[in-house]
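**Student:** Can you read through this structure? Questions will come right after.
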There are 8 protein chains.
Amino acid sequence: MTAEQITKMLQQVRKGKLRVEAAVERLRDLPYEDLGYAKIDHHRSLRQGFPEVIFGRGKSPEHVEGVVRRMLPRKHNILITRGDEALFRRIRKLAPKAEFHPLSGTIAVRVDRTVRGKGNILVVSAGTTDIPVAEEALITAETMGNRVQSLYDAGVAGIHRLLGESHLLRDARVIICAAGMEGALPSVVAGLVGVPVIAVPTSVGYGASFHGLAALLGMLNSCASNVAVVNIDNGFGAGYLASIINRL
Amino acid sequence: MTAEQITKMLQQVRKGKLRVEAAVERLRDLPYEDLGYAKIDHHRSLRQGFPEVIFGRGKSPEHVEGVVRRMLPRKHNILITRGDEALFRRIRKLAPKAEFHPLSGTIAVRVDRTVRGKGNILVVSAGTTDIPVAEEALITAETMGNRVQSLYDAGVAGIHRLLGESHLLRDARVIICAAGMEGALPSVVAGLVGVPVIAVPTSVGYGASFHGLAALLGMLNSCASNVAVVNIDNGFGAGYLASIINRL
Amino acid sequence: MTAEQITKMLQQVRKGKLRVEAAVERLRDLPYEDLGYAKIDHHRSLRQGFPEVIFGRGKSPEHVEGVVRRMLPRKHNILITRGDEALFRRIRKLAPKAEFHPLSGTIAVRVDRTVRGKGNILVVSAGTTDIPVAEEALITAETMGNRVQSLYDAGVAGIHRLLGESHLLRDARVIICAAGMEGALPSVVAGLVGVPVIAVPTSVGYGASFHGLAALLGMLNSCASNVAVVNIDNGFGAGYLASIINRL
Amino acid sequence: MTAEQITKMLQQVRKGKLRVEAAVERLRDLPYEDLGYAKIDHHRSLRQGFPEVIFGRGKSPEHVEGVVRRMLPRKHNILITRGDEALFRRIRKLAPKAEFHPLSGTIAVRVDRTVRGKGNILVVSAGTTDIPVAEEALITAETMGNRVQSLYDAGVAGIHRLLGESHLLRDARVIICAAGMEGALPSVVAGLVGVPVIAVPTSVGYGASFHGLAALLGMLNSCASNVAVVNIDNGFGAGYLASIINRL
Amino acid sequence: MTAEQITKMLQQVRKGKLRVEAAVERLRDLPYEDLGYAKIDHHRSLRQGFPEVIFGRGKSPEHVEGVVRRMLPRKHNILITRGDEALFRRIRKLAPKAEFHPLSGTIAVRVDRTVRGKGNILVVSAGTTDIPVAEEALITAETMGNRVQSLYDAGVAGIHRLLGESHLLRDARVIICAAGMEGALPSVVAGLVGVPVIAVPTSVGYGASFHGLAALLGMLNSCASNVAVVNIDNGFGAGYLASIINRL
Amino acid sequence: MTAEQITKMLQQVRKGKLRVEAAVERLRDLPYEDLGYAKIDHHRSLRQGFPEVIFGRGKSPEHVEGVVRRMLPRKHNILITRGDEALFRRIRKLAPKAEFHPLSGTIAVRVDRTVRGKGNILVVSAGTTDIPVAEEALITAETMGNRVQSLYDAGVAGIHRLLGESHLLRDARVIICAAGMEGALPSVVAGLVGVPVIAVPTSVGYGASFHGLAALLGMLNSCASNVAVVNIDNGFGAGYLASIINRL
Amino acid sequence: MTAEQITKMLQQVRKGKLRVEAAVERLRDLPYEDLGYAKIDHHRSLRQGFPEVIFGRGKSPEHVEGVVRRMLPRKHNILITRGDEALFRRIRKLAPKAEFHPLSGTIAVRVDRTVRGKGNILVVSAGTTDIPVAEEALITAETMGNRVQSLYDAGVAGIHRLLGESHLLRDARVIICAAGMEGALPSVVAGLVGVPVIAVPTSVGYGASFHGLAALLGMLNSCASNVAVVNIDNGFGAGYLASIINRL
Amino acid sequence: MTAEQITKMLQQVRKGKLRVEAAVERLRDLPYEDLGYAKIDHHRSLRQGFPEVIFGRGKSPEHVEGVVRRMLPRKHNILITRGDEALFRRIRKLAPKAEFHPLSGTIAVRVDRTVRGKGNILVVSAGTTDIPVAEEALITAETMGNRVQSLYDAGVAGIHRLLGESHLLRDARVIICAAGMEGALPSVVAGLVGVPVIAVPTSVGYGASFHGLAALLGMLNSCASNVAVVNIDNGFGAGYLASIINRL
């Protein structure tokens, strides 16, 4: 409920067009409505090309299908993370524009391809096994209306590969770095640029990687100051946050 | 070494004005120079109001004093983190504009007060004991040329305090959230806004807070997607990254 | 053996109606019997509508079936946790009143529907994936004779949802909060009410949630003082303890 | 702002006694006020004998003194945790009724000695080194208007001590158990009673106690279902929650 | 090589019956032989009824069968841990005396039933789910020639069960305690007796039991001084060590 | 209360020499008395030369002095662990036989030097920095009436030192092994002998020793089966348990 | 691009044979080329008999097959780690010299059997379950052109086995030690020799081995100074590093 | 005892010049003597310029002084780690050649400056705060007879610094990398060279560095295969192992 709406309602009360009891009733849910700017903001976001997002993991195909069916009429992009081939085949029947990205299991229905991000988002990943997480970030950013570039297999033990593609680093407004094992990539990348770097530790590795803990700790302790970290394997979160920043 | 500089040098070689040996010698350090865009970028940053930063912890007062002495002629802002009253008194003699922020131990010499950040940075903190970390973030952002607002003592167990100041949340382009104990504040804040939230876990707490680990894990697992995390107690990093984003 | 029983027995000894040897024999197990107030308490509890509980996990269907068979004649409610559809079908043959709650795998046989709890127990959960744990708590509390309400999907990143249902919070005498990921919900809820809040961390999440550790630590460090915590995923324990409190 | 207050205000608007703009202004803060039931609840609590609480740790004596000075006129009990002898001497000058409990560093000013808790709260502790935490719980509960009993030095390796005082267990409506090292006491106690047991792990121990972690994990895994756990060394929290329950 | 054997050999050298070169050759392996007291001790142990032990886990049935075949002629008891029904059927064909204990997967071939332990070994376990580990300890101790008694399902939350069987505790010369979850049983048991208690944490539990870590830490921090701990789920180790002690 | 005592009392009841009420009163504490065998056992232990033990850490000198004063008339050995030079000087005034062992801070008053242990206890330690813990074990065992030998500075990286003293290993009935860092010593020692080995991890080391955790985990995973483990730095516990075993 | 190549190019520029623009273009990638010594070094390594390595885990058989097909013409040795029987059968069709080592899943194609390592590499392992990791190290070292010896099943609880084969220790220039459980072997071995020892913790064990963490910590805390550690189960890394050292 | 010595002794036995009993006696300690090659090897090492090493931490100045006094006549280099200025002043009186390195607290007495290492050892460190550990490694390697170079302050966030000094990397036969925080340096360095890299995590950092754990895990998970790791802050170990390798 906006200030105007409240003013209008009070004027109706004054004019006797609205009973006091009815006004009290309406105001009863005000805390919810007044917080509505959050919801309004959310709605505005949706209008501006933010996708509707479904976390596929642990949901039945029927469930996801049902949600997609309700979403389709709104003409927003739809993003399903952690899906699979079988789910994709169901979704494609509902939404022929659906695309499947098998490494990450991401399904994207892009009905709105307007670019709203102001610059490029670059997704860098360390090893080939980090690509699923990087891809989730990339597809998320793309579906949220960004120009996205990628630089895969640029691990720190082969630093020349990263340096040889330094134009990509220079062209980016926001950079996402996905790396497992020692998780050193974001520090090196962030030292080469002056833009925000979102670090995504991946659970790639074995033994003392402790399912991504080594990479996570490494990234949190980055000696570069333009690095912030999201959860292990959270490609979606990195892509989402990078999009938010790229809209600023 | 820029492309123009290389072109110029090669023309001198062609014209016989530069010996081949001398040219080889100059190119010898090319990898270093070519990466120079990082340094140039750094220099440009400095010109644009990025402060020179000295991490005070573990450095002798003489050492810090010496560094400050060398920095002063460059007319940049200077930021010293983790200092103390005694250090401040020494610095003030060199730089009368120096200001001391005793909760965080931050010393700032602001010779350049130009605002370069495009919007407001808001620093929210959960409890009074989180204020030192929040203050370090705030002073860092200010010294880097941002308009900064603060909302302290807004812990999640008193949610009305946060909601009652929602206009501050709405006015911010980037938000920094410092919280110890359960570290829940960034999730609540990020759910109310559509801008990037940088979460700083603090080591405030006891027992099962494990020196900030509880807050750190909480923030990494935030159910809001517009949150990224920096190291425990890293107010400087949060302020720095927020400034980088606010410049975009 | 109660004080009266002992008195009675001693009088029989005095009157010569009971041989000393027989009395010694009866007293032989006294430590066990004397502690009997615990058992008696337990029996009384059962009479008062506490269910008989079977932890289904790791037990064979035959085993559970056998236990239920022995329990049925006592006419108490029976609660089986961590069961499945197949087990339910077996149990329903023995106890046609059995109900199955598939999300949590809880099977309840409610022969006694008397309400003994003095107020409402409210079960709040953060995300849809926390519902299995919440449901286990809810069914446990119901089967123990409480009026139970639920407020699901009220995560802290959408705080208006929680505030919009604040009448539910106000109506509860005891609140159970199940949340995974950052586990922030109990702090927010407890800050809004003056009643005990039992926090159940769930293993929902991935990466740095470390199977519920993040939520557990968050809840233990709650900045609200009316929160206590049970084991990760222990919906039964939360429901049981809430029932005990609601009986007071 | 209560429903009556809103009704009254609306009636004034209708009668023309209050301008629409003024009414809008008043409603502007409604979300804050509407959440007021929390605050009102808080106020009511205070009226009912809940103490005003100051966490002494990390606060300067002047600061604590100042807060106490502002509190005294309200005639509520005042509780200061983690204080010391020197602080006590300052407080006693302001409040001659102040009492100091040196083991826990708790300072209590009890101006209101009305008993509001409905039954006894029993504080059990395992070893003599756990007494500081137990005492903090005990004084908190007392200051909040409860009859409190204590049973100290009743560790599980001398089970007869606990059993020999079983009447204390039977007489309690809520039990607090403080234990360090293996933290087994709450399980044993909870198995002997039918009332809620609040377990407080203490940081007592060395080596593999890992500053209370062993006790914390032990208590979270209690095989008794009427146990919930608060943070390590959090005697205040246990006493507070027990008081809340004892008021029900 | 014993001192006698060396003496004998040297006498043969002196008498010229053994060439110096041959003697040097024999002495070449002396470090190995001289350490032989370990091996001899081992052999003596075997003669005295120590079983030959095969850890079944991760070994193919053919492999185990082959080892058993080579062992059988030596007429010692044979103990196979972590086996299964299928393996048992193969072993029974070779050794008709083989017995299978399905809860723990232990297979014992007891050809020698002489009792060599000087007193009783008592195996106590906390819950029914701890029985597999307890059984492994029990069968190990039995196969090593001890009189063994068991007291199962004597968890600390039902302390009367333990106290009611206190004669078993009094009759034991060594006690093994297997417990998961909070692992409190060994402290309680050890407080009731004056004999060595070997504590075996089990991985029974979920959530914050962290696969036996909670029980392990609890046992290491036992407030009783007559407790020592073996690895999580190491029933064999506990049975073995108890047997060694019971032989003393 | 023994069976005879009960019989006697019941006969007095029968004969009318004891009122029923008085008999009920006496039986009231029966659980406590019946558990008395534990206490009796404790008393018997004391009579047999078990020392009275005071954990000095965290106790004021006055407190320890007071306890010693009450103990002295009983003519038992007295053992004070974790004391210091100043405490020793006080104790020596009360008990001229007191001896101080400065490395471990152990103070022993040995009024009874009867040897009750049946064999030798050998205390082996890895490095010179482990000696304080080893000494605490050694003095404990000695004060409890054992013949004790020591083999210090026998770390596994110099295995010949251990082998060169193998007669000490052979002569021991129980062995205590104290080691920090990698904690490998108990495995090597236990592989050389057929007697129980009690392993004490020490907090000696730095970095990844994590205050004794590395040694603790190493010892729990010993590939030798005759090893059990006590808490980090718990020399007293090891000495106590070894004495219990050596009495068997 | 080498210094000669640059000189040559510059001379062509001077002579007017190369346009300035073309020269700038060539120099554009100089940072990449200048770092080329790394790549050249890599190429040289390959020429000198370093194998081409494929980590098999997580790669499809088709993928591995494709890589092998491209590698075969280069006539280098090929090493595939973490493969299986099925993969081996495919590879053997392409490369008849392929050999399969089923314990570790290593597939080696050795076309070049030149010995380039200067001394022996010895692979020692503690238990039979450590052999897969040891074998991976052994085959890696062999395929990289080293003489390799092995000493398996030499755990520290049977130290005589290790001592009895001390000639193997003496003959080695580099030693690899693979051990799980307590991970004590490298300390013992390193104490017996004066050459570098590369320790590989294995994930062998259960309970408190925490998937190799116990062994890892043990090895990092080795009291011998000639030990360095690689990741848990990283047999390949140990073999690779040992080969690098043995080439020096 | 060598083969020749045994042969000689046996010949004396044969000739009757040595009694059998005396020969048995001599052979009694054979295991110790036979292992003597380890000691001999140790002695040889000392002769070849290995220093005598004293770990200063936790030793009294008198103790260290005493050891040095006994060492001086042997004319070996002496290395004291973790000492301080006061200790140095004492040592300098005994050994005027003593040098003090205050950052690491290392005291070296270099009487023998022969270079025995075959190539250069390079010590690289990430930040200025890592220098104490790097210096300990450097002085250790120097005192053990190596040519050592250093490259300090070459953290991965400023990769051009490392690349600009690539000639140092190329000139090294063994490289030591000391780094705290994210510990990424060894991966980058090892990717640029073909020689062994010994990684030393340092405890530099705060918050989620967990006293060097982050750096340790990062290094263990290095994606470069020519990296092995020593304990946190173990500069001595790295310098020692590098020297061993450089001697090969």
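FYI, nothing fancy with the structure tokens labels: chains A, B, ... in order, residues from 1 per chain, ligands from 1 as they appear.
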With a distance cut-off of 6 Å and only C-alpha atoms, select the neighbouring residues of region 189-206 of chain H, excluding the residue or stretch itself and same-chain residues fewer than 3 positions from it, and output the selection as an MDAnalysis selection string.

**Tutor:** (chainID A and resid 157:158) or (chainID G and resid 38) or (chainID H and resid 174:181 186 209 211:212 215:216 224 226:230 232:233)

**Student:** Write the residues you've just listed into a file as a tab-separated table (two decimals), in the first residue's frame, and include C-alpha atoms for each of them.

**Tutor:**
```tsv
chain	number	residue	atom	x	y	z
A	157	ALA	CA	49.51	-23.68	-12.95
A	158	GLY	CA	49.46	-22.53	-16.58
G	38	ALA	CA	57.52	-22.66	-19.57
H	174	VAL	CA	64.96	-26.51	-6.09
H	175	ILE	CA	62.37	-23.87	-5.13
H	176	ILE	CA	60.85	-23.18	-1.71
H	177	CYS	CA	57.57	-21.24	-1.67
H	178	ALA	CA	56.31	-19.70	1.57
H	179	ALA	CA	52.80	-18.24	1.52
H	180	GLY	CA	49.95	-17.63	3.94
H	181	MET	CA	46.39	-16.51	3.30
H	186	PRO	CA	53.34	-22.61	-5.12
H	209	SER	CA	42.83	-18.46	7.32
H	211	HIS	CA	46.11	-20.09	11.46
H	212	GLY	CA	47.45	-21.40	8.17
H	215	ALA	CA	47.10	-22.07	2.93
H	216	LEU	CA	47.90	-25.67	3.87
H	224	ALA	CA	50.69	-28.50	-10.35
H	226	ASN	CA	55.74	-30.88	-8.85
H	227	VAL	CA	54.69	-29.55	-5.43
H	228	ALA	CA	55.03	-31.17	-2.00
H	229	VAL	CA	54.10	-29.61	1.28
H	230	VAL	CA	55.61	-29.33	4.78
H	232	ILE	CA	52.63	-24.73	8.62
H	233	ASP	CA	55.47	-22.28	9.37
```

**Student:** Using only C-alpha atoms, select each residue of chain G with any atom at most 7 Å away from an atom of chain E, and give the selection as a list in words.

**Tutor:**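 Applying the cut-off to the listed atoms yields His160, Leu163, Gly164, Gly207 and Ala208 of chain G.
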
**Student:** Taking the chain letters and numbering used in this document, name the residues of region 22-180 of chain C that DSSP puts in strand (DSSP E or B), as a count of residues only.

**Tutor:** 35

**Student:** List the spatial neighbours of region 103-113 of chain G as a PyMOL selection string - criterion: any atom at most 6 Å away, only C-alpha atoms, same-chain residues fewer than 5 positions off excluded.

**Tutor:** chain G and resi 77-84+97-98+132+136

**Student:** Given the selection you just returned, output its residues as a file containing N, CA and C atoms, formatted as a JSON list (two decimals), in the first residue's frame.

**Tutor:**
```json
[["chain", "number", "residue", "atom", "x", "y", "z"],
["G", 77, "ASN", "N", 55.51, -41.82, -24.08],
["G", 77, "ASN", "CA", 54.75, -42.70, -23.20],
["G", 77, "ASN", "C", 53.44, -42.02, -22.84],
["G", 78, "ILE", "N", 52.42, -42.82, -22.59],
["G", 78, "ILE", "CA", 51.11, -42.28, -22.21],
["G", 78, "ILE", "C", 50.71, -42.92, -20.89],
["G", 79, "LEU", "N", 50.20, -42.11, -19.99],
["G", 79, "LEU", "CA", 49.79, -42.61, -18.67],
["G", 79, "LEU", "C", 48.34, -42.20, -18.41],
["G", 80, "ILE", "N", 47.50, -43.17, -18.16],
["G", 80, "ILE", "CA", 46.10, -42.88, -17.84],
["G", 80, "ILE", "C", 45.85, -43.34, -16.41],
["G", 81, "THR", "N", 45.47, -42.42, -15.53],
["G", 81, "THR", "CA", 45.22, -42.80, -14.13],
["G", 81, "THR", "C", 43.72, -42.95, -13.89],
["G", 82, "ARG", "N", 43.38, -43.74, -12.86],
["G", 82, "ARG", "CA", 41.99, -43.95, -12.45],
["G", 82, "ARG", "C", 41.10, -44.43, -13.61],
["G", 83, "GLY", "N", 41.62, -45.38, -14.40],
["G", 83, "GLY", "CA", 40.82, -46.00, -15.44],
["G", 83, "GLY", "C", 40.24, -47.32, -14.97],
["G", 84, "ASP", "N", 39.72, -48.11, -15.90],
["G", 84, "ASP", "CA", 39.22, -49.43, -15.51],
["G", 84, "ASP", "C", 39.43, -50.42, -16.65],
["G", 97, "LYS", "N", 50.69, -51.95, -26.95],
["G", 97, "LYS", "CA", 51.66, -52.03, -25.85],
["G", 97, "LYS", "C", 51.04, -51.61, -24.51],
["G", 98, "ALA", "N", 49.79, -51.19, -24.52],
["G", 98, "ALA", "CA", 49.17, -50.72, -23.27],
["G", 98, "ALA", "C", 49.15, -51.83, -22.22],
["G", 132, "PRO", "N", 46.90, -49.87, -3.82],
["G", 132, "PRO", "CA", 46.45, -49.14, -5.01],
["G", 132, "PRO", "C", 47.14, -47.79, -5.17],
["G", 136, "GLU", "N", 49.91, -46.74, -8.11],
["G", 136, "GLU", "CA", 49.80, -45.57, -9.00],
["G", 136, "GLU", "C", 51.11, -44.78, -9.01]]
```

**Student:** Just list as a compact mmCIF listing (two decimals) with C-alpha atoms, in the first residue's frame whatever in region 59-222 of chain H DSSP marks as helix (DSSP H, G or I).

**Tutor:**
```txt
# COMPACT_ATOMS: atom_id res chain seq x y z
CA PRO H 61 69.18 -19.99 27.17
CA GLU H 62 71.43 -21.96 29.52
CA HIS H 63 70.36 -25.21 27.91
CA VAL H 64 71.02 -23.95 24.39
CA GLU H 65 74.32 -22.48 25.48
CA GLY H 66 75.35 -25.83 26.94
CA VAL H 67 74.55 -27.69 23.75
CA VAL H 68 76.43 -25.17 21.64
CA ARG H 69 79.45 -25.46 23.90
CA ARG H 70 79.56 -29.22 23.30
CA MET H 71 79.08 -28.76 19.57
CA LEU H 72 81.69 -26.12 18.90
CA PRO H 73 84.76 -28.40 19.03
CA ARG H 74 83.30 -30.53 16.22
CA GLU H 85 68.29 -11.31 20.47
CA ALA H 86 69.15 -12.21 24.07
CA LEU H 87 70.05 -15.77 23.16
CA PHE H 88 72.13 -14.48 20.27
CA ARG H 89 74.20 -12.25 22.56
CA ARG H 90 75.04 -15.27 24.74
CA ILE H 91 75.92 -17.44 21.75
CA ARG H 92 78.09 -14.77 20.16
CA LYS H 93 80.30 -14.80 23.22
CA LEU H 94 80.95 -18.50 22.65
CA THR H 128 56.10 -9.28 3.65
CA THR H 129 54.55 -11.05 6.61
CA ASP H 130 55.67 -14.41 5.19
CA ILE H 131 59.31 -13.35 5.27
CA PRO H 132 60.12 -14.76 8.75
CA VAL H 133 59.27 -18.27 7.55
CA ALA H 134 61.03 -17.70 4.25
CA GLU H 135 64.09 -16.44 6.08
CA GLU H 136 64.21 -19.53 8.29
CA ALA H 137 64.21 -21.67 5.14
CA LEU H 138 66.84 -19.50 3.50
CA ILE H 139 69.27 -19.50 6.43
CA THR H 140 68.79 -23.26 6.89
CA ALA H 141 69.65 -23.90 3.26
CA GLU H 142 72.64 -21.55 3.39
CA THR H 143 73.98 -23.09 6.57
CA VAL H 156 49.79 -13.99 -6.84
CA ALA H 157 47.60 -10.88 -6.84
CA GLY H 158 50.53 -9.07 -8.46
CA ILE H 159 51.59 -11.76 -10.88
CA HIS H 160 53.77 -9.42 -12.99
CA ARG H 161 56.24 -9.19 -10.10
CA LEU H 162 56.79 -12.94 -10.30
CA LEU H 163 56.95 -12.97 -14.08
CA GLY H 164 59.33 -10.03 -14.14
CA SER H 166 61.39 -15.24 -14.12
CA HIS H 167 65.16 -15.61 -14.61
CA LEU H 168 65.40 -16.42 -10.90
CA LEU H 169 62.86 -19.22 -11.35
CA ARG H 170 64.78 -20.55 -14.33
CA ASP H 171 68.09 -20.55 -12.45
CA LEU H 185 51.89 -19.07 -4.84
CA PRO H 186 53.34 -22.61 -5.12
CA SER H 187 50.82 -23.55 -7.82
CA VAL H 188 51.70 -20.53 -9.94
CA VAL H 189 55.44 -20.97 -9.44
CA ALA H 190 55.39 -24.71 -10.04
CA GLY H 191 53.49 -24.17 -13.27
CA LEU H 192 56.36 -22.01 -14.54
CA GLY H 207 39.68 -15.03 10.17
CA ALA H 208 39.11 -17.90 7.75
CA SER H 209 42.83 -18.46 7.32
CA PHE H 210 42.45 -20.49 10.52
CA HIS H 211 46.11 -20.09 11.46
CA GLY H 212 47.45 -21.40 8.17
CA LEU H 213 44.89 -24.12 7.47
CA ALA H 214 43.60 -22.33 4.36
CA ALA H 215 47.10 -22.07 2.93
CA LEU H 216 47.90 -25.67 3.87
CA LEU H 217 44.81 -27.07 2.15
CA GLY H 218 45.41 -24.88 -0.88
CA MET H 219 48.94 -26.20 -1.28
CA LEU H 220 47.94 -29.84 -0.80
```
